[in-house]
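Asks: Structure supplied as model29.pdb; contents: PDB, N, CA and C atoms.
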```pdb
ATOM      1  N   MET A   1    -118.797 -40.193  91.467
ATOM      2  CA  MET A   1    -119.058 -38.795  91.235
ATOM      3  C   MET A   1    -119.106 -37.989  92.524
ATOM      4  N   ILE A   2    -119.487 -38.631  93.620
ATOM      5  CA  ILE A   2    -119.576 -37.899  94.881
ATOM      6  C   ILE A   2    -118.200 -37.398  95.311
ATOM      7  N   GLU A   3    -117.147 -38.153  94.956
ATOM      8  CA  GLU A   3    -115.794 -37.716  95.321
ATOM      9  C   GLU A   3    -115.456 -36.389  94.662
ATOM     10  N   ILE A   4    -115.829 -36.253  93.413
ATOM     11  CA  ILE A   4    -115.528 -35.015  92.689
ATOM     12  C   ILE A   4    -116.288 -33.847  93.305
ATOM     13  N   ALA A   5    -117.564 -34.065  93.633
ATOM     14  CA  ALA A   5    -118.353 -32.999  94.251
ATOM     15  C   ALA A   5    -117.761 -32.602  95.602
ATOM     16  N   LEU A   6    -117.373 -33.573  96.422
ATOM     17  CA  LEU A   6    -116.774 -33.275  97.724
ATOM     18  C   LEU A   6    -115.415 -32.593  97.564
ATOM     19  N   HIS A   7    -114.685 -32.962  96.531
ATOM     20  CA  HIS A   7    -113.396 -32.335  96.245
ATOM     21  C   HIS A   7    -113.598 -30.844  95.946
ATOM     22  N   ILE A   8    -114.591 -30.539  95.152
ATOM     23  CA  ILE A   8    -114.888 -29.149  94.806
ATOM     24  C   ILE A   8    -115.405 -28.387  96.023
ATOM     25  N   VAL A   9    -116.269 -29.014  96.816
ATOM     26  CA  VAL A   9    -116.763 -28.373  98.038
ATOM     27  C   VAL A   9    -115.598 -28.065  98.975
ATOM     28  N   GLY A  10    -114.644 -28.992  99.081
ATOM     29  CA  GLY A  10    -113.455 -28.747  99.899
ATOM     30  C   GLY A  10    -112.674 -27.541  99.416
ATOM     31  N   GLY A  11    -112.566 -27.399  98.109
ATOM     32  CA  GLY A  11    -111.875 -26.237  97.550
ATOM     33  C   GLY A  11    -112.593 -24.940  97.872
ATOM     34  N   PHE A  12    -113.911 -24.947  97.726
ATOM     35  CA  PHE A  12    -114.684 -23.746  98.075
ATOM     36  C   PHE A  12    -114.514 -23.401  99.545
ATOM     37  N   LEU A  13    -114.566 -24.413 100.400
ATOM     38  CA  LEU A  13    -114.430 -24.182 101.837
ATOM     39  C   LEU A  13    -113.053 -23.640 102.177
ATOM     40  N   LEU A  14    -112.013 -24.232 101.590
ATOM     41  CA  LEU A  14    -110.648 -23.783 101.843
ATOM     42  C   LEU A  14    -110.451 -22.338 101.390
ATOM     43  N   PHE A  15    -110.850 -22.027 100.174
ATOM     44  CA  PHE A  15    -110.625 -20.680  99.656
ATOM     45  C   PHE A  15    -111.519 -19.645 100.327
ATOM     46  N   GLY A  16    -112.713 -20.045 100.716
ATOM     47  CA  GLY A  16    -113.565 -19.133 101.469
ATOM     48  C   GLY A  16    -112.951 -18.797 102.821
ATOM     49  N   ALA A  17    -112.419 -19.816 103.496
ATOM     50  CA  ALA A  17    -111.796 -19.593 104.805
ATOM     51  C   ALA A  17    -110.540 -18.744 104.679
ATOM     52  N   VAL A  18    -109.701 -19.040 103.709
ATOM     53  CA  VAL A  18    -108.469 -18.264 103.530
ATOM     54  C   VAL A  18    -108.796 -16.824 103.152
ATOM     55  N   GLY A  19    -109.788 -16.625 102.293
ATOM     56  CA  GLY A  19    -110.181 -15.274 101.927
ATOM     57  C   GLY A  19    -110.679 -14.492 103.125
ATOM     58  N   ALA A  20    -111.507 -15.119 103.939
ATOM     59  CA  ALA A  20    -112.022 -14.446 105.131
ATOM     60  C   ALA A  20    -110.899 -14.106 106.098
ATOM     61  N   LEU A  21    -109.972 -15.035 106.285
ATOM     62  CA  LEU A  21    -108.848 -14.779 107.188
ATOM     63  C   LEU A  21    -107.953 -13.663 106.659
ATOM     64  N   CYS A  22    -107.730 -13.647 105.364
ATOM     65  CA  CYS A  22    -106.894 -12.592 104.784
ATOM     66  C   CYS A  22    -107.552 -11.222 104.893
ATOM     67  N   LEU A  23    -108.860 -11.188 104.866
ATOM     68  CA  LEU A  23    -109.567  -9.913 104.874
ATOM     69  C   LEU A  23    -109.931  -9.426 106.274
ATOM     70  N   GLY A  24    -109.439 -10.104 107.309
ATOM     71  CA  GLY A  24    -109.632  -9.554 108.641
ATOM     72  C   GLY A  24    -110.224 -10.465 109.672
ATOM     73  N   ALA A  25    -110.775 -11.600 109.286
ATOM     74  CA  ALA A  25    -111.355 -12.499 110.282
ATOM     75  C   ALA A  25    -110.284 -13.032 111.227
ATOM     76  N   ALA A  26    -109.018 -13.004 110.805
ATOM     77  CA  ALA A  26    -107.930 -13.496 111.646
ATOM     78  C   ALA A  26    -107.702 -12.597 112.856
ATOM     79  N   ASP A  27    -108.226 -11.380 112.816
ATOM     80  CA  ASP A  27    -108.051 -10.456 113.930
ATOM     81  C   ASP A  27    -109.083 -10.661 115.043
ATOM     82  N   ASP A  28    -110.136 -11.374 114.753
ATOM     83  CA  ASP A  28    -111.192 -11.660 115.723
ATOM     84  C   ASP A  28    -111.062 -13.116 116.175
ATOM     85  N   PRO A  29    -111.037 -13.403 117.477
ATOM     86  CA  PRO A  29    -110.860 -14.790 117.932
ATOM     87  C   PRO A  29    -111.902 -15.762 117.369
ATOM     88  N   ARG A  30    -113.165 -15.344 117.309
ATOM     89  CA  ARG A  30    -114.185 -16.244 116.755
ATOM     90  C   ARG A  30    -113.998 -16.429 115.256
ATOM     91  N   GLY A  31    -113.650 -15.357 114.571
ATOM     92  CA  GLY A  31    -113.408 -15.450 113.138
ATOM     93  C   GLY A  31    -112.198 -16.315 112.824
ATOM     94  N   ARG A  32    -111.149 -16.182 113.643
ATOM     95  CA  ARG A  32    -109.941 -16.990 113.452
ATOM     96  C   ARG A  32    -110.256 -18.470 113.650
ATOM     97  N   ARG A  33    -111.075 -18.763 114.681
ATOM     98  CA  ARG A  33    -111.419 -20.161 114.955
ATOM     99  C   ARG A  33    -112.251 -20.745 113.812
ATOM    100  N   LEU A  34    -113.269 -20.028 113.384
ATOM    101  CA  LEU A  34    -114.108 -20.502 112.293
ATOM    102  C   LEU A  34    -113.308 -20.640 110.998
ATOM    103  N   GLY A  35    -112.413 -19.682 110.735
ATOM    104  CA  GLY A  35    -111.558 -19.769 109.553
ATOM    105  C   GLY A  35    -110.618 -20.964 109.606
ATOM    106  N   ALA A  36    -110.072 -21.232 110.792
ATOM    107  CA  ALA A  36    -109.173 -22.374 110.943
ATOM    108  C   ALA A  36    -109.927 -23.695 110.738
ATOM    109  N   ILE A  37    -111.151 -23.756 111.251
ATOM    110  CA  ILE A  37    -111.961 -24.963 111.050
ATOM    111  C   ILE A  37    -112.268 -25.153 109.569
ATOM    112  N   GLY A  38    -112.699 -24.093 108.892
ATOM    113  CA  GLY A  38    -112.983 -24.185 107.460
ATOM    114  C   GLY A  38    -111.755 -24.564 106.657
ATOM    115  N   HIS A  39    -110.616 -23.995 107.024
ATOM    116  CA  HIS A  39    -109.347 -24.302 106.353
ATOM    117  C   HIS A  39    -109.010 -25.786 106.511
ATOM    118  N   GLY A  40    -109.103 -26.288 107.734
ATOM    119  CA  GLY A  40    -108.759 -27.686 107.990
ATOM    120  C   GLY A  40    -109.707 -28.665 107.339
ATOM    121  N   VAL A  41    -111.003 -28.423 107.474
ATOM    122  CA  VAL A  41    -111.988 -29.326 106.869
ATOM    123  C   VAL A  41    -111.869 -29.295 105.345
ATOM    124  N   GLY A  42    -111.665 -28.111 104.785
ATOM    125  CA  GLY A  42    -111.489 -28.009 103.339
ATOM    126  C   GLY A  42    -110.276 -28.786 102.852
ATOM    127  N   LEU A  43    -109.148 -28.651 103.563
ATOM    128  CA  LEU A  43    -107.946 -29.393 103.168
ATOM    129  C   LEU A  43    -108.141 -30.900 103.273
ATOM    130  N   VAL A  44    -108.781 -31.342 104.346
ATOM    131  CA  VAL A  44    -109.021 -32.782 104.504
ATOM    132  C   VAL A  44    -109.896 -33.296 103.371
ATOM    133  N   LEU A  45    -110.962 -32.564 103.055
ATOM    134  CA  LEU A  45    -111.822 -32.985 101.944
ATOM    135  C   LEU A  45    -111.052 -33.037 100.626
ATOM    136  N   ILE A  46    -110.245 -32.021 100.379
ATOM    137  CA  ILE A  46    -109.483 -31.975  99.126
ATOM    138  C   ILE A  46    -108.509 -33.145  99.042
ATOM    139  N   LEU A  47    -107.736 -33.350 100.095
ATOM    140  CA  LEU A  47    -106.712 -34.395 100.054
ATOM    141  C   LEU A  47    -107.315 -35.802 100.016
ATOM    142  N   LEU A  48    -108.293 -36.078 100.873
ATOM    143  CA  LEU A  48    -108.865 -37.426 100.894
ATOM    144  C   LEU A  48    -109.609 -37.758  99.612
ATOM    145  N   THR A  49    -110.440 -36.840  99.159
ATOM    146  CA  THR A  49    -111.180 -37.138  97.930
ATOM    147  C   THR A  49    -110.254 -37.152  96.722
ATOM    148  N   GLY A  50    -109.264 -36.272  96.713
ATOM    149  CA  GLY A  50    -108.313 -36.275  95.594
ATOM    150  C   GLY A  50    -107.541 -37.582  95.508
ATOM    151  N   LEU A  51    -107.068 -38.055  96.649
ATOM    152  CA  LEU A  51    -106.353 -39.342  96.646
ATOM    153  C   LEU A  51    -107.296 -40.487  96.293
ATOM    154  N   GLY A  52    -108.552 -40.395  96.720
ATOM    155  CA  GLY A  52    -109.532 -41.412  96.338
ATOM    156  C   GLY A  52    -109.787 -41.424  94.837
ATOM    157  N   ILE A  53    -109.860 -40.238  94.251
ATOM    158  CA  ILE A  53    -110.065 -40.146  92.804
ATOM    159  C   ILE A  53    -108.873 -40.756  92.062
ATOM    160  N   VAL A  54    -107.672 -40.455  92.534
ATOM    161  CA  VAL A  54    -106.471 -41.013  91.902
ATOM    162  C   VAL A  54    -106.457 -42.531  92.046
ATOM    163  N   ALA A  55    -106.806 -43.036  93.213
ATOM    164  CA  ALA A  55    -106.806 -44.488  93.434
ATOM    165  C   ALA A  55    -107.837 -45.183  92.542
ATOM    166  N   ARG A  56    -109.006 -44.585  92.409
ATOM    167  CA  ARG A  56    -110.049 -45.185  91.573
ATOM    168  C   ARG A  56    -109.722 -45.146  90.084
ATOM    169  N   SER A  57    -108.994 -44.119  89.672
ATOM    170  CA  SER A  57    -108.692 -43.992  88.246
ATOM    171  C   SER A  57    -107.542 -44.894  87.827
ATOM    172  N   ASP A  58    -106.849 -45.475  88.793
ATOM    173  CA  ASP A  58    -105.784 -46.451  88.516
ATOM    174  C   ASP A  58    -104.682 -45.871  87.623
ATOM    175  N   ILE A  59    -104.297 -44.613  87.870
ATOM    176  CA  ILE A  59    -103.245 -43.987  87.073
ATOM    177  C   ILE A  59    -101.909 -43.967  87.784
ATOM    178  N   GLY A  60    -101.908 -44.380  89.051
ATOM    179  CA  GLY A  60    -100.669 -44.319  89.825
ATOM    180  C   GLY A  60    -100.435 -42.915  90.339
ATOM    181  N   PHE A  61     -99.174 -42.559  90.500
ATOM    182  CA  PHE A  61     -98.819 -41.232  90.998
ATOM    183  C   PHE A  61     -97.846 -40.555  90.044
ATOM    184  N   PRO A  62     -98.362 -40.068  88.900
ATOM    185  CA  PRO A  62     -97.481 -39.337  87.978
ATOM    186  C   PRO A  62     -97.059 -38.001  88.587
ATOM    187  N   LEU A  63     -96.165 -37.326  87.923
ATOM    188  CA  LEU A  63     -95.600 -36.083  88.430
ATOM    189  C   LEU A  63     -96.660 -35.018  88.706
ATOM    190  N   TRP A  64     -97.688 -34.930  87.870
ATOM    191  CA  TRP A  64     -98.701 -33.902  88.077
ATOM    192  C   TRP A  64     -99.479 -34.128  89.374
ATOM    193  N   VAL A  65     -99.647 -35.385  89.803
ATOM    194  CA  VAL A  65    -100.314 -35.662  91.080
ATOM    195  C   VAL A  65     -99.438 -35.181  92.228
ATOM    196  N   TRP A  66     -98.138 -35.450  92.134
ATOM    197  CA  TRP A  66     -97.216 -34.976  93.177
ATOM    198  C   TRP A  66     -97.179 -33.452  93.232
ATOM    199  N   ALA A  67     -97.278 -32.808  92.070
ATOM    200  CA  ALA A  67     -97.312 -31.338  92.035
ATOM    201  C   ALA A  67     -98.563 -30.818  92.738
ATOM    202  N   LYS A  68     -99.704 -31.472  92.504
ATOM    203  CA  LYS A  68    -100.933 -31.067  93.185
ATOM    204  C   LYS A  68    -100.808 -31.264  94.696
ATOM    205  N   ILE A  69    -100.238 -32.364  95.118
ATOM    206  CA  ILE A  69    -100.031 -32.591  96.545
ATOM    207  C   ILE A  69     -99.146 -31.498  97.119
ATOM    208  N   GLY A  70     -98.111 -31.108  96.388
ATOM    209  CA  GLY A  70     -97.242 -30.018  96.830
ATOM    210  C   GLY A  70     -97.988 -28.702  96.967
ATOM    211  N   ILE A  71     -98.883 -28.420  96.026
ATOM    212  CA  ILE A  71     -99.680 -27.195  96.099
ATOM    213  C   ILE A  71    -100.550 -27.211  97.344
ATOM    214  N   TRP A  72    -101.154 -28.337  97.666
ATOM    215  CA  TRP A  72    -102.020 -28.408  98.847
ATOM    216  C   TRP A  72    -101.208 -28.354 100.132
ATOM    217  N   VAL A  73     -99.967 -28.835 100.099
ATOM    218  CA  VAL A  73     -99.104 -28.671 101.278
ATOM    219  C   VAL A  73     -98.809 -27.182 101.485
ATOM    220  N   VAL A  74     -98.529 -26.464 100.400
ATOM    221  CA  VAL A  74     -98.321 -25.013 100.500
ATOM    222  C   VAL A  74     -99.580 -24.350 101.048
ATOM    223  N   MET A  75    -100.748 -24.778 100.586
ATOM    224  CA  MET A  75    -102.003 -24.219 101.084
ATOM    225  C   MET A  75    -102.169 -24.465 102.579
ATOM    226  N   SER A  76    -101.680 -25.602 103.066
ATOM    227  CA  SER A  76    -101.830 -25.899 104.490
ATOM    228  C   SER A  76    -100.986 -24.964 105.346
ATOM    229  N   ILE A  77     -99.896 -24.456 104.815
ATOM    230  CA  ILE A  77     -99.010 -23.564 105.558
ATOM    231  C   ILE A  77     -99.594 -22.147 105.641
ATOM    232  N   THR A  78    -100.514 -21.826 104.775
ATOM    233  CA  THR A  78    -101.029 -20.454 104.729
ATOM    234  C   THR A  78    -101.682 -20.004 106.028
ATOM    235  N   LEU A  79    -102.266 -20.919 106.755
ATOM    236  CA  LEU A  79    -102.908 -20.550 108.020
ATOM    237  C   LEU A  79    -101.892 -19.945 108.988
ATOM    238  N   VAL A  80    -100.715 -20.527 109.030
ATOM    239  CA  VAL A  80     -99.656 -19.997 109.901
ATOM    240  C   VAL A  80     -99.170 -18.648 109.382
ATOM    241  N   LEU A  81     -99.006 -18.524 108.075
ATOM    242  CA  LEU A  81     -98.540 -17.257 107.500
ATOM    243  C   LEU A  81     -99.522 -16.128 107.758
ATOM    244  N   ILE A  82    -100.806 -16.426 107.636
ATOM    245  CA  ILE A  82    -101.820 -15.395 107.861
ATOM    246  C   ILE A  82    -101.772 -14.913 109.301
ATOM    247  N   LYS A  83    -101.540 -15.824 110.224
ATOM    248  CA  LYS A  83    -101.519 -15.455 111.638
ATOM    249  C   LYS A  83    -100.231 -14.734 112.022
ATOM    250  N   ARG A  84     -99.095 -15.241 111.560
ATOM    251  CA  ARG A  84     -97.803 -14.727 112.027
ATOM    252  C   ARG A  84     -97.219 -13.613 111.169
ATOM    253  N   ALA A  85     -97.671 -13.481 109.945
ATOM    254  CA  ALA A  85     -97.148 -12.436 109.059
ATOM    255  C   ALA A  85     -98.324 -11.685 108.432
ATOM    256  N   PRO A  86     -98.963 -10.798 109.196
ATOM    257  CA  PRO A  86    -100.133 -10.092 108.670
ATOM    258  C   PRO A  86     -99.849  -9.290 107.403
ATOM    259  N   GLY A  87     -98.605  -8.899 107.184
ATOM    260  CA  GLY A  87     -98.261  -8.161 105.982
ATOM    261  C   GLY A  87     -98.390  -8.980 104.703
ATOM    262  N   LEU A  88     -98.453 -10.302 104.846
ATOM    263  CA  LEU A  88     -98.585 -11.176 103.675
ATOM    264  C   LEU A  88    -100.039 -11.467 103.311
ATOM    265  N   ARG A  89    -100.979 -10.954 104.085
ATOM    266  CA  ARG A  89    -102.383 -11.290 103.842
ATOM    267  C   ARG A  89    -102.865 -10.861 102.460
ATOM    268  N   VAL A  90    -102.552  -9.651 102.052
ATOM    269  CA  VAL A  90    -103.021  -9.183 100.740
ATOM    270  C   VAL A  90    -102.345  -9.955  99.603
ATOM    271  N   PRO A  91    -101.007 -10.142  99.636
ATOM    272  CA  PRO A  91    -100.414 -10.956  98.566
ATOM    273  C   PRO A  91    -100.966 -12.383  98.534
ATOM    274  N   LEU A  92    -101.186 -12.980  99.706
ATOM    275  CA  LEU A  92    -101.742 -14.334  99.739
ATOM    276  C   LEU A  92    -103.162 -14.366  99.182
ATOM    277  N   PHE A  93    -103.924 -13.316  99.455
ATOM    278  CA  PHE A  93    -105.291 -13.231  98.960
ATOM    279  C   PHE A  93    -105.323 -13.353  97.437
ATOM    280  N   PHE A  94    -104.304 -12.832  96.763
ATOM    281  CA  PHE A  94    -104.264 -12.894  95.301
ATOM    282  C   PHE A  94    -103.448 -14.075  94.770
ATOM    283  N   LEU A  95    -102.445 -14.508  95.514
ATOM    284  CA  LEU A  95    -101.585 -15.595  95.051
ATOM    285  C   LEU A  95    -102.239 -16.966  95.179
ATOM    286  N   LEU A  96    -102.952 -17.198  96.259
ATOM    287  CA  LEU A  96    -103.506 -18.528  96.503
ATOM    288  C   LEU A  96    -104.534 -18.968  95.469
ATOM    289  N   PRO A  97    -105.416 -18.094  94.989
ATOM    290  CA  PRO A  97    -106.303 -18.542  93.904
ATOM    291  C   PRO A  97    -105.536 -18.921  92.628
ATOM    292  N   ILE A  98    -104.408 -18.274  92.398
ATOM    293  CA  ILE A  98    -103.590 -18.655  91.241
ATOM    294  C   ILE A  98    -103.056 -20.070  91.434
ATOM    295  N   LEU A  99    -102.597 -20.382  92.653
ATOM    296  CA  LEU A  99    -102.149 -21.752  92.934
ATOM    297  C   LEU A  99    -103.296 -22.747  92.791
ATOM    298  N   GLY A 100    -104.489 -22.358  93.253
ATOM    299  CA  GLY A 100    -105.654 -23.222  93.094
ATOM    300  C   GLY A 100    -105.982 -23.458  91.627
ATOM    301  N   GLY A 101    -105.869 -22.407  90.830
ATOM    302  CA  GLY A 101    -106.082 -22.559  89.391
ATOM    303  C   GLY A 101    -105.055 -23.470  88.751
ATOM    304  N   LEU A 102    -103.804 -23.364  89.208
ATOM    305  CA  LEU A 102    -102.759 -24.265  88.710
ATOM    306  C   LEU A 102    -103.081 -25.711  89.066
ATOM    307  N   ALA A 103    -103.556 -25.937  90.288
ATOM    308  CA  ALA A 103    -103.935 -27.295  90.700
ATOM    309  C   ALA A 103    -105.067 -27.828  89.833
ATOM    310  N   ALA A 104    -106.044 -26.982  89.531
ATOM    311  CA  ALA A 104    -107.149 -27.398  88.666
ATOM    312  C   ALA A 104    -106.647 -27.706  87.258
ATOM    313  N   TRP A 105    -105.768 -26.852  86.748
ATOM    314  CA  TRP A 105    -105.222 -27.082  85.410
ATOM    315  C   TRP A 105    -104.454 -28.399  85.350
ATOM    316  N   LEU A 106    -103.678 -28.695  86.395
ATOM    317  CA  LEU A 106    -102.934 -29.950  86.434
ATOM    318  C   LEU A 106    -103.864 -31.152  86.348
ATOM    319  N   ALA A 107    -104.999 -31.082  87.030
ATOM    320  CA  ALA A 107    -105.943 -32.201  87.002
ATOM    321  C   ALA A 107    -106.634 -32.332  85.643
ATOM    322  N   ILE A 108    -106.899 -31.209  85.001
ATOM    323  CA  ILE A 108    -107.604 -31.237  83.728
ATOM    324  C   ILE A 108    -106.656 -31.613  82.584
ATOM    325  N   ALA A 109    -105.486 -30.976  82.538
ATOM    326  CA  ALA A 109    -104.548 -31.196  81.429
ATOM    327  C   ALA A 109    -103.747 -32.488  81.603
ATOM    328  N   ARG A 110    -103.503 -32.869  82.848
ATOM    329  CA  ARG A 110    -102.684 -34.049  83.182
ATOM    330  C   ARG A 110    -101.409 -34.123  82.340
ATOM    331  N   PRO A 111    -100.556 -33.084  82.457
ATOM    332  CA  PRO A 111     -99.324 -33.094  81.659
ATOM    333  C   PRO A 111     -98.414 -34.239  82.099
ATOM    334  N   SER A 112     -97.723 -34.807  81.140
ATOM    335  CA  SER A 112     -96.857 -35.946  81.478
ATOM    336  C   SER A 112     -95.447 -35.525  81.758
TER
END
```
Take the structure in the file and write it out as structure tokens.
Replies:
Amino acid sequence: MIEIALHIVGGFLLFGAVGALCLGAADDPRGRRLGAIGHGVGLVLILLTGLGIVARSDIGFPLWVWAKIGIWVVMSITLVLIKRAPGLRVPLFFLLPILGGLAAWLAIARPS
């Protein structure tokens, strides 16, 4: 059960950091650093605990797991987009939670 809790905490940390960066923390050096740390730690928690959950459940790697991994890879690129393309901050602020919701739906529905 601790894996699931850490997985959720990682998601909160990732989305909190991305939200802060999109809303202006990326313009302040200290805010950018703290946001980058939160983004990285959140992603590590999500990926490690998610893979641990998959390994423990003994389901292998069906397509929905690969789709979730793809979503988290897209999430990892957002830090660069926020820094290098400030015009994308507002669209990312609204698009990324939709991707997070899709990742959650994939885990709950487990479509084959």
Asks: Applied to the shown file, which residues does the PyMOL selection byres ((chain A and resi 45) around 8) return, written as a list in words?
Replies: Leu6, His7, Ile8, Val9, Gly10, Gly11, His39, Gly40, Val41, Gly42, Leu43, Val44, Ile46, Leu47, Leu48, Thr49, Gly50 and Leu51 of chain A
Asks: For this file, the PyMOL selection byres (((chain A and resi 59-71 and name CA) around 7) and name CA) selects which residues, as a list in words?
Replies: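 For this structure, the PyMOL selection byres (((chain A and resi 59-71 and name CA) around 7) and name CA) resolves to Val54, Ser57, Asp58, Trp72, Val73, Val74, Met75, Leu99, Ala103, Leu106, Arg110 and Pro111 of chain A.
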Asks: Could you tell me how far atom N of Ala25 in chain A lies from CA of Ala5 in chain A, in Å and to one decimal?
Replies: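 Between these atoms lies a distance of 27.2 Å.
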Asks: Which residues would end up in the selection if the PyMOL selection byres (((chain A and resi 19 and name CA) around 10) and name CA) were applied here, given that I need the answer as number ranges by chain?
Replies: A: 13-18, 20-25, 35, 89-90, 92-94, 96-97
Asks: Distance CA of Arg32 in chain A-CA of Ile82 in chain A, one decimal place?
Replies: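 Taking CA of Arg32 in chain A as the start and CA of Ile82 in chain A as the end point, the length is 10.0 Å.
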Asks: Just how far from CA of Trp105 in chain A is atom N of Gly52 in chain A, in Å to one decimal?
Replies: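 Result for atom N of Gly52 in chain A versus CA of Trp105 in chain A: 17.8 Å, one decimal.
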